[in-house]
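Participant: First, the structure itself, so that you have it in front of you.
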Amino acid sequence: MNEGRAVKAVIFDLDGTLVDSAPDIHRAAATLLSERGHASPDLETVKRFVGNGVAVLVERLLDWAGETGDAEARAAATSRFHAIYGAAPAVLSQPFDGVPMTLESLTEAGYRLGLCTNKPLAPARQMLAALGLAEPIRAVVGGDSLPVRKPDPEPLLHVARALEAEREQVVYVGDSEVDAAAAQAAGIAFALFTEGYRKTAPDEIPHHLRFAHFGDLQGLLEGFRGARA
């Protein structure tokens with residue numbers, strides 16, 4: 001167990017952190033836009049649209065396609081994206097290298113693991129189950145679990161409370177500017193996974209720890225006793 005360690009709980013982002021989910025998001029985006037008579041952006045463009053929840057993703061897709069419309073039309077497009085993506089969120093997605101082994105190793109070492117994502121809760125849980133990642137995760141908050149989502153700090157603090165960990169005992173692991181902002185607002189240390197869907201250079205994203213390979217994460221956590229954000 002980790003009684004003597006500063007870090008008791010590790011909370012993860014999902015898209016771009018635990019899972020390379022962009023191929024399935026891209027597939028759903030292409031279907032949505034095709035139904036509306038548009039071509040679709042390439043995979044790298046869709047990656048840049050990810051991170052702020054489905055409504056913002058759809059807004060960015062429609063803006064990219066040059067489609068104008070009122071709030072009701074955009075809400076309908078968002079609903080349709082939910083249906084397309086929710087039917088098969090883990091067909092092309094895969095965990096990043098080392099993720100399953102790292103989750104298992106952290107659990108065996110006594111860390112409490114949670115998930116805080118802006119992806120809606122149902123497809124998030126479906127993805128975790130489909131990819132064999134659900135069992136180690138003790139608490140999950142999705143983008144529709146609470147009235148607010150990241151970068152608001154409350155979803156992250158909600159998971160910390162569910163794991164019975166004080167904020168100074170938690171490290172949040174994410175890949176993006178949104179994740180960093182949520183951790184900073186929550187007063188929780190942030191570990192940046194540099195191989196995800198960030199839009200800016202790692203040095204420009206506030207973080208306490210950073211890593212490119214999941215095999216390095218546990219070693220970083222073992223010795224971490226840095227100042228809070």
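Please note that chains go A, B, ... in the order of the structure tokens, that every chain numbers its residues from 1, and that ligands are numbered from 1 in the order shown.
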Just the helix (DSSP H, G or I) stuff from region 11-224 of chain A, please, per backbone DSSP, written as number ranges by chain.
Facilitator: A: 22-35, 43-49, 54-65, 71-87, 99-108, 121-130, 154-162, 167-169, 177-186, 202-204, 214-222
Participant: Would you mind writing down, as a list in words, each residue of region 3-41 of chain A that DSSP on the backbone assigns to strand (DSSP E or B)?
Facilitator: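 The strand (DSSP E or B) residues within region 3-41 of chain A come out as Ala9, Val10, Ile11, Phe12, Asp15, Val19 and Asp20 of chain A.
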Participant: Could you name the residues that touch Asp13 (chain A) at 10 Å or less, counting only C-alpha atoms, but leaving out those on the same chain fewer than 6 positions away, as number ranges by chain?
Facilitator: A: 19, 51, 114-119, 140-142, 156, 172-176, 179, 193
Participant: Show me, as a PyMOL selection string, the residues that have an atom within 9 Å of Ala75 (chain A) when counting only C-alpha atoms, minus same-chain residues fewer than 5 positions from it.
Facilitator: chain A and resi 55+58+70+80
Participant: For a quick check of understanding, using only C-alpha atoms, which of A:Ile25, A:Val148, A:Leu18, A:Val50 has the smallest distance to Tyr85 (chain A)?
Facilitator: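 Residue with the minimum atom-to-atom distance to Tyr85 (chain A): A:Ile25.
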